[in-house]
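Note: the block below is structure_39.cif and it holds mmCIF, N, CA and C atoms.
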data_target
#
loop_
_atom_site.label_atom_id
_atom_site.label_comp_id
_atom_site.auth_asym_id
_atom_site.auth_seq_id
_atom_site.Cartn_x
_atom_site.Cartn_y
_atom_site.Cartn_z
N MET Q 121 -27.22 12.16 24.76
CA MET Q 121 -26.01 11.80 24.08
C MET Q 121 -25.52 10.46 24.63
N ILE Q 122 -25.03 9.60 23.74
CA ILE Q 122 -24.52 8.29 24.12
C ILE Q 122 -23.00 8.34 24.09
N LYS Q 123 -22.41 7.88 25.18
CA LYS Q 123 -20.96 7.83 25.24
C LYS Q 123 -20.50 6.42 24.93
N VAL Q 124 -19.53 6.31 24.01
CA VAL Q 124 -19.01 5.00 23.63
C VAL Q 124 -17.54 4.95 24.05
N ASP Q 125 -17.21 3.91 24.81
CA ASP Q 125 -15.82 3.73 25.22
C ASP Q 125 -15.07 3.01 24.11
N VAL Q 126 -13.97 3.62 23.69
CA VAL Q 126 -13.13 3.04 22.64
C VAL Q 126 -11.93 2.40 23.32
N PRO Q 127 -11.63 1.14 22.99
CA PRO Q 127 -10.47 0.48 23.59
C PRO Q 127 -9.19 1.24 23.27
N PRO Q 128 -8.24 1.28 24.22
CA PRO Q 128 -6.99 2.00 23.99
C PRO Q 128 -6.25 1.53 22.75
N SER Q 129 -6.35 0.23 22.44
CA SER Q 129 -5.66 -0.29 21.26
C SER Q 129 -6.16 0.37 19.98
N LEU Q 130 -7.45 0.70 19.93
CA LEU Q 130 -7.99 1.35 18.75
C LEU Q 130 -7.65 2.83 18.71
N LYS Q 131 -7.50 3.44 19.88
CA LYS Q 131 -7.15 4.86 19.93
C LYS Q 131 -5.75 5.10 19.41
N THR Q 132 -4.85 4.15 19.65
CA THR Q 132 -3.45 4.35 19.27
C THR Q 132 -3.16 3.90 17.85
N MET Q 133 -4.09 3.18 17.24
CA MET Q 133 -3.87 2.73 15.87
C MET Q 133 -4.00 3.91 14.92
N ALA Q 134 -2.89 4.34 14.38
CA ALA Q 134 -2.91 5.45 13.43
C ALA Q 134 -3.04 4.88 12.02
N GLU Q 135 -4.02 5.35 11.28
CA GLU Q 135 -4.21 4.89 9.92
C GLU Q 135 -3.17 5.54 9.03
N LYS Q 136 -2.55 4.74 8.17
CA LYS Q 136 -1.55 5.26 7.26
C LYS Q 136 -2.22 6.12 6.20
N GLN Q 137 -1.57 7.21 5.85
CA GLN Q 137 -2.08 8.09 4.81
C GLN Q 137 -1.12 8.06 3.63
N PHE Q 138 -1.68 8.03 2.44
CA PHE Q 138 -0.89 8.02 1.22
C PHE Q 138 -1.37 9.17 0.34
N THR Q 139 -0.56 9.53 -0.63
CA THR Q 139 -0.98 10.54 -1.60
C THR Q 139 -1.21 9.87 -2.94
N ILE Q 140 -2.10 10.43 -3.71
CA ILE Q 140 -2.40 9.87 -5.03
C ILE Q 140 -1.15 9.95 -5.89
N GLY Q 141 -0.83 8.85 -6.55
CA GLY Q 141 0.36 8.77 -7.38
C GLY Q 141 1.57 8.24 -6.64
N GLN Q 142 1.46 8.06 -5.33
CA GLN Q 142 2.57 7.56 -4.53
C GLN Q 142 2.77 6.07 -4.77
N LYS Q 143 4.03 5.64 -4.76
CA LYS Q 143 4.36 4.24 -4.96
C LYS Q 143 4.29 3.52 -3.61
N VAL Q 144 3.55 2.42 -3.57
CA VAL Q 144 3.40 1.62 -2.35
C VAL Q 144 3.69 0.16 -2.68
N LYS Q 145 3.90 -0.64 -1.63
CA LYS Q 145 4.08 -2.07 -1.84
C LYS Q 145 3.21 -2.85 -0.86
N LEU Q 146 2.87 -4.07 -1.24
CA LEU Q 146 2.06 -4.94 -0.42
C LEU Q 146 2.97 -5.59 0.63
N VAL Q 147 2.72 -5.31 1.91
CA VAL Q 147 3.58 -5.82 2.99
C VAL Q 147 2.95 -6.98 3.76
N ALA Q 148 1.67 -7.22 3.56
CA ALA Q 148 0.98 -8.35 4.20
C ALA Q 148 -0.09 -8.83 3.23
N GLN Q 149 -0.31 -10.11 3.20
CA GLN Q 149 -1.28 -10.70 2.27
C GLN Q 149 -2.68 -10.70 2.91
N PRO Q 150 -3.63 -9.99 2.30
CA PRO Q 150 -5.00 -10.02 2.83
C PRO Q 150 -5.65 -11.37 2.53
N PRO Q 151 -6.75 -11.70 3.20
CA PRO Q 151 -7.42 -12.99 2.95
C PRO Q 151 -8.03 -13.06 1.54
N TYR Q 152 -8.33 -11.92 0.96
CA TYR Q 152 -8.83 -11.81 -0.42
C TYR Q 152 -8.59 -10.38 -0.86
N VAL Q 153 -8.70 -10.11 -2.17
CA VAL Q 153 -8.59 -8.73 -2.66
C VAL Q 153 -9.87 -8.41 -3.43
N LYS Q 154 -10.23 -7.14 -3.38
CA LYS Q 154 -11.44 -6.67 -4.06
C LYS Q 154 -11.01 -5.78 -5.22
N THR Q 155 -11.56 -6.03 -6.40
CA THR Q 155 -11.21 -5.22 -7.55
C THR Q 155 -11.74 -3.80 -7.39
N ALA Q 156 -11.06 -2.83 -8.00
CA ALA Q 156 -11.45 -1.42 -7.90
C ALA Q 156 -12.27 -1.02 -9.12
N GLU Q 157 -13.25 -1.83 -9.46
CA GLU Q 157 -14.12 -1.57 -10.60
C GLU Q 157 -15.45 -1.00 -10.09
N PRO Q 158 -16.27 -0.43 -11.00
CA PRO Q 158 -17.58 0.07 -10.56
C PRO Q 158 -18.42 -1.02 -9.87
N MET Q 159 -18.27 -2.27 -10.32
CA MET Q 159 -18.94 -3.41 -9.68
C MET Q 159 -17.83 -4.34 -9.17
N PRO Q 160 -17.29 -4.07 -7.96
CA PRO Q 160 -16.15 -4.84 -7.45
C PRO Q 160 -16.47 -6.32 -7.27
N ILE Q 161 -15.46 -7.15 -7.48
CA ILE Q 161 -15.58 -8.58 -7.22
C ILE Q 161 -14.41 -9.01 -6.35
N LEU Q 162 -14.59 -10.07 -5.60
CA LEU Q 162 -13.53 -10.60 -4.75
C LEU Q 162 -12.66 -11.55 -5.56
N ARG Q 163 -11.37 -11.42 -5.37
CA ARG Q 163 -10.40 -12.28 -6.06
C ARG Q 163 -9.53 -12.96 -5.02
N PRO Q 164 -8.89 -14.07 -5.38
CA PRO Q 164 -7.99 -14.73 -4.42
C PRO Q 164 -6.79 -13.84 -4.12
N PRO Q 165 -6.20 -13.99 -2.95
CA PRO Q 165 -5.11 -13.09 -2.56
C PRO Q 165 -3.85 -13.21 -3.42
N ASN Q 166 -3.66 -14.35 -4.10
CA ASN Q 166 -2.43 -14.52 -4.88
C ASN Q 166 -2.44 -13.75 -6.20
N VAL Q 167 -3.49 -12.98 -6.46
CA VAL Q 167 -3.52 -12.12 -7.65
C VAL Q 167 -2.45 -11.03 -7.50
N VAL Q 168 -2.20 -10.61 -6.27
CA VAL Q 168 -1.17 -9.61 -5.98
C VAL Q 168 -0.11 -10.28 -5.10
N ARG Q 169 1.13 -10.26 -5.57
CA ARG Q 169 2.23 -10.90 -4.83
C ARG Q 169 2.67 -10.06 -3.64
N LEU Q 170 3.07 -10.72 -2.59
CA LEU Q 170 3.62 -10.05 -1.42
C LEU Q 170 4.89 -9.32 -1.86
N GLY Q 171 4.99 -8.03 -1.54
CA GLY Q 171 6.15 -7.23 -1.95
C GLY Q 171 5.96 -6.53 -3.29
N GLU Q 172 4.88 -6.83 -3.99
CA GLU Q 172 4.63 -6.19 -5.29
C GLU Q 172 4.36 -4.70 -5.10
N GLU Q 173 4.90 -3.90 -6.01
CA GLU Q 173 4.73 -2.45 -5.93
C GLU Q 173 3.59 -2.00 -6.83
N GLY Q 174 2.89 -0.96 -6.38
CA GLY Q 174 1.79 -0.39 -7.15
C GLY Q 174 1.70 1.11 -6.93
N ILE Q 175 0.78 1.74 -7.63
CA ILE Q 175 0.58 3.19 -7.56
C ILE Q 175 -0.79 3.47 -6.95
N VAL Q 176 -0.84 4.37 -5.97
CA VAL Q 176 -2.10 4.76 -5.34
C VAL Q 176 -2.93 5.55 -6.34
N LEU Q 177 -4.16 5.08 -6.58
CA LEU Q 177 -5.07 5.75 -7.52
C LEU Q 177 -5.99 6.72 -6.83
N ASP Q 178 -6.57 6.28 -5.68
CA ASP Q 178 -7.54 7.13 -4.98
C ASP Q 178 -7.85 6.57 -3.61
N ARG Q 179 -8.62 7.33 -2.86
CA ARG Q 179 -9.10 6.94 -1.53
C ARG Q 179 -10.57 6.58 -1.68
N ARG Q 180 -10.99 5.46 -1.12
CA ARG Q 180 -12.37 5.02 -1.23
C ARG Q 180 -13.03 5.00 0.14
N PRO Q 181 -14.37 5.04 0.16
CA PRO Q 181 -15.09 4.93 1.44
C PRO Q 181 -14.77 3.61 2.14
N GLY Q 182 -14.86 3.63 3.44
CA GLY Q 182 -14.62 2.43 4.23
C GLY Q 182 -13.15 2.23 4.57
N GLY Q 183 -12.33 3.23 4.31
CA GLY Q 183 -10.91 3.13 4.65
C GLY Q 183 -10.07 2.38 3.64
N TYR Q 184 -10.54 2.25 2.42
CA TYR Q 184 -9.81 1.53 1.38
C TYR Q 184 -9.05 2.47 0.47
N TRP Q 185 -7.96 1.97 -0.10
CA TRP Q 185 -7.17 2.70 -1.08
C TRP Q 185 -7.23 1.95 -2.40
N GLY Q 186 -7.47 2.66 -3.48
CA GLY Q 186 -7.41 2.06 -4.81
C GLY Q 186 -5.96 2.07 -5.25
N VAL Q 187 -5.42 0.89 -5.57
CA VAL Q 187 -4.01 0.77 -5.95
C VAL Q 187 -3.91 -0.03 -7.24
N ARG Q 188 -3.16 0.50 -8.21
CA ARG Q 188 -2.93 -0.20 -9.49
C ARG Q 188 -1.68 -1.05 -9.37
N PHE Q 189 -1.87 -2.37 -9.55
CA PHE Q 189 -0.77 -3.33 -9.57
C PHE Q 189 -0.64 -3.88 -10.98
N GLU Q 190 0.28 -4.80 -11.18
CA GLU Q 190 0.53 -5.39 -12.50
C GLU Q 190 -0.72 -6.04 -13.09
N LYS Q 191 -1.49 -6.75 -12.28
CA LYS Q 191 -2.65 -7.49 -12.78
C LYS Q 191 -3.97 -6.75 -12.62
N GLY Q 192 -3.92 -5.45 -12.34
CA GLY Q 192 -5.15 -4.67 -12.23
C GLY Q 192 -5.17 -3.76 -11.02
N ALA Q 193 -6.30 -3.08 -10.84
CA ALA Q 193 -6.48 -2.17 -9.71
C ALA Q 193 -7.32 -2.85 -8.64
N PHE Q 194 -6.89 -2.70 -7.39
CA PHE Q 194 -7.56 -3.37 -6.28
C PHE Q 194 -7.76 -2.41 -5.12
N LEU Q 195 -8.76 -2.71 -4.28
CA LEU Q 195 -9.04 -1.93 -3.08
C LEU Q 195 -8.40 -2.63 -1.90
N LEU Q 196 -7.52 -1.92 -1.20
CA LEU Q 196 -6.81 -2.51 -0.07
C LEU Q 196 -6.84 -1.58 1.13
N ASP Q 197 -6.92 -2.17 2.30
CA ASP Q 197 -6.85 -1.43 3.55
C ASP Q 197 -5.40 -0.99 3.75
N SER Q 198 -5.20 0.13 4.43
CA SER Q 198 -3.85 0.67 4.61
C SER Q 198 -2.94 -0.24 5.42
N GLN Q 199 -3.50 -1.15 6.21
CA GLN Q 199 -2.66 -2.05 7.00
C GLN Q 199 -1.84 -3.00 6.12
N TYR Q 200 -2.27 -3.20 4.87
CA TYR Q 200 -1.56 -4.09 3.96
C TYR Q 200 -0.54 -3.36 3.08
N LEU Q 201 -0.47 -2.04 3.20
CA LEU Q 201 0.37 -1.23 2.32
C LEU Q 201 1.44 -0.48 3.09
N GLU Q 202 2.53 -0.18 2.38
CA GLU Q 202 3.62 0.61 2.94
C GLU Q 202 4.23 1.42 1.80
N VAL Q 203 4.64 2.65 2.12
CA VAL Q 203 5.26 3.52 1.12
C VAL Q 203 6.60 2.94 0.70
N VAL Q 204 6.87 2.99 -0.61
CA VAL Q 204 8.15 2.54 -1.13
C VAL Q 204 9.13 3.69 -0.98
N GLU Q 205 10.16 3.46 -0.20
CA GLU Q 205 11.19 4.49 0.01
C GLU Q 205 12.17 4.45 -1.15
N ARG Q 206 12.35 5.57 -1.77
CA ARG Q 206 13.33 5.69 -2.86
C ARG Q 206 14.62 6.24 -2.27
N PRO Q 207 15.77 5.69 -2.69
CA PRO Q 207 17.03 6.20 -2.16
C PRO Q 207 17.27 7.64 -2.58
N THR Q 208 17.81 8.42 -1.68
CA THR Q 208 18.13 9.81 -1.98
C THR Q 208 19.60 9.89 -2.37
N ALA Q 209 20.03 11.04 -2.84
CA ALA Q 209 21.41 11.22 -3.27
C ALA Q 209 22.38 10.97 -2.11
N GLU Q 210 21.96 11.29 -0.88
CA GLU Q 210 22.84 11.10 0.27
C GLU Q 210 23.00 9.63 0.64
N THR Q 211 22.00 8.81 0.36
CA THR Q 211 22.09 7.39 0.74
C THR Q 211 22.75 6.54 -0.32
N ILE Q 212 22.90 7.09 -1.52
CA ILE Q 212 23.56 6.34 -2.59
C ILE Q 212 25.07 6.58 -2.48
N THR Q 213 25.81 5.50 -2.32
CA THR Q 213 27.25 5.65 -2.23
C THR Q 213 27.85 5.47 -3.61
N LYS Q 214 28.91 6.17 -3.86
CA LYS Q 214 29.56 6.10 -5.16
C LYS Q 214 30.27 4.76 -5.27
N ALA Q 215 30.09 4.11 -6.41
CA ALA Q 215 30.74 2.84 -6.64
C ALA Q 215 32.24 3.07 -6.85
N PRO Q 216 33.07 2.14 -6.41
CA PRO Q 216 34.52 2.31 -6.60
C PRO Q 216 34.87 2.31 -8.07
N ASP Q 217 35.89 3.05 -8.40
CA ASP Q 217 36.34 3.13 -9.79
C ASP Q 217 37.07 1.84 -10.13
N VAL Q 218 36.54 1.12 -11.13
CA VAL Q 218 37.15 -0.16 -11.52
C VAL Q 218 37.67 -0.11 -12.95
N SER Q 219 37.99 1.09 -13.43
CA SER Q 219 38.49 1.22 -14.80
C SER Q 219 39.90 0.64 -14.91
N PRO Q 220 40.19 0.02 -16.05
CA PRO Q 220 41.52 -0.58 -16.23
C PRO Q 220 42.60 0.51 -16.24
N GLN Q 221 43.77 0.16 -15.74
CA GLN Q 221 44.85 1.16 -15.68
C GLN Q 221 45.95 0.88 -16.62
#
Just give me the structure as structure tokens.
Amino acid sequence: MIKVDVPPSLKTMAEKQFTIGQKVKLVAQPPYVKTAEPMPILRPPNVVRLGEEGIVLDRRPGGYWGVRFEKGAFLLDSQYLEVVERPTAETITKAPDVSPQ
């Protein structure tokens, strides 16, 4: 048996997990994006805007997530994605009443 030492930095890196159909946003711009087609191609990173929201389609081999954005579906590593938090009823404050008197 071969023992491989893993650096502590890699041991502590927790990979983000998403669920299919979950809304995510692009939080960092990758050097390029790969299309989520049967025959993927590399596209320039500006195809997907920083902060753009998309829907998780599936999980792919190699640690990639298929995400549908406005200009198509792309394969992205979880380090570039973050779950979009939707406000709950408790975090929404009631607007002041501004009706004429």
- Message: Evaluate the PyMOL selection byres ((chain Q and resi 153-167) around 6) against this structure - the residues, as a ChimeraX atom specification, please.
- Response: /Q:150-152,168-169,193-195
- Selected residue of minimal separation from Q:Tyr184 among Q:Leu201, Q:Leu170, Q:Val147, Q:Leu196, counting all atoms listed in the file: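 Using all atoms listed in the file, Q:Tyr184 sits closest to Q:Leu196.
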- Task: Work out how far apart atom C of Q:Gln149 and atom C of Q:Arg206 are and give it in Å to one decimal.
- Result: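 The value is 24.8 Å.
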- Item | Nearest residue to Q:Glu190 from the set Q:Asp178, Q:Glu173, Q:Val204, Q:Ala148 (distances using all atoms listed in the file) |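 That would be Q:Glu173, the residue with the smallest distance to Q:Glu190.
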- Show me as a list in words the residues that reach within 6 Å of (-6.9, 7.4, -7.4), counting only C-alpha atoms and using the file's own coordinates. Ile140, Val176, Leu177, Asp178 and Gly186 of chain Q
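Distances from Q:Val203, Q:Arg179, Q:Lys136, Q:Gly174 to Q:Lys191 were compared using only C-alpha atoms, and the smallest one belongs to Q:Gly174.
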- Given the choices Q:Ile175, Q:Phe138, Q:Lys143, Q:Glu202, which gets closest to Q:Arg188 if the distance is worked out from all atoms listed in the file?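 Residue with the minimum atom-to-atom distance to Q:Arg188: Q:Ile175.
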- Task: Give me, please, the distance in Å between atom CA of Q:Gly183 and atom N of Q:Glu205, quoted to one decimal.
- Result: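 Computed distance, atom CA of Q:Gly183 to atom N of Q:Glu205, equals 21.6 Å.
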- Task: Would you return as an MDAnalysis selection string the members of stretch 124-196 of chain Q that DSSP assigns to alpha helix (DSSP H) on this structure's backbone?
- Result: chainID Q and resid 128:132
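You will find atom CA of Q:Glu172 at 18.5 Å from atom N of Q:Gln137.
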- All strand (DSSP E or B) positions in stretch 134-180 of chain Q, as a PyMOL selection string: chain Q and resi 143-146+153-155+162-163+173-180
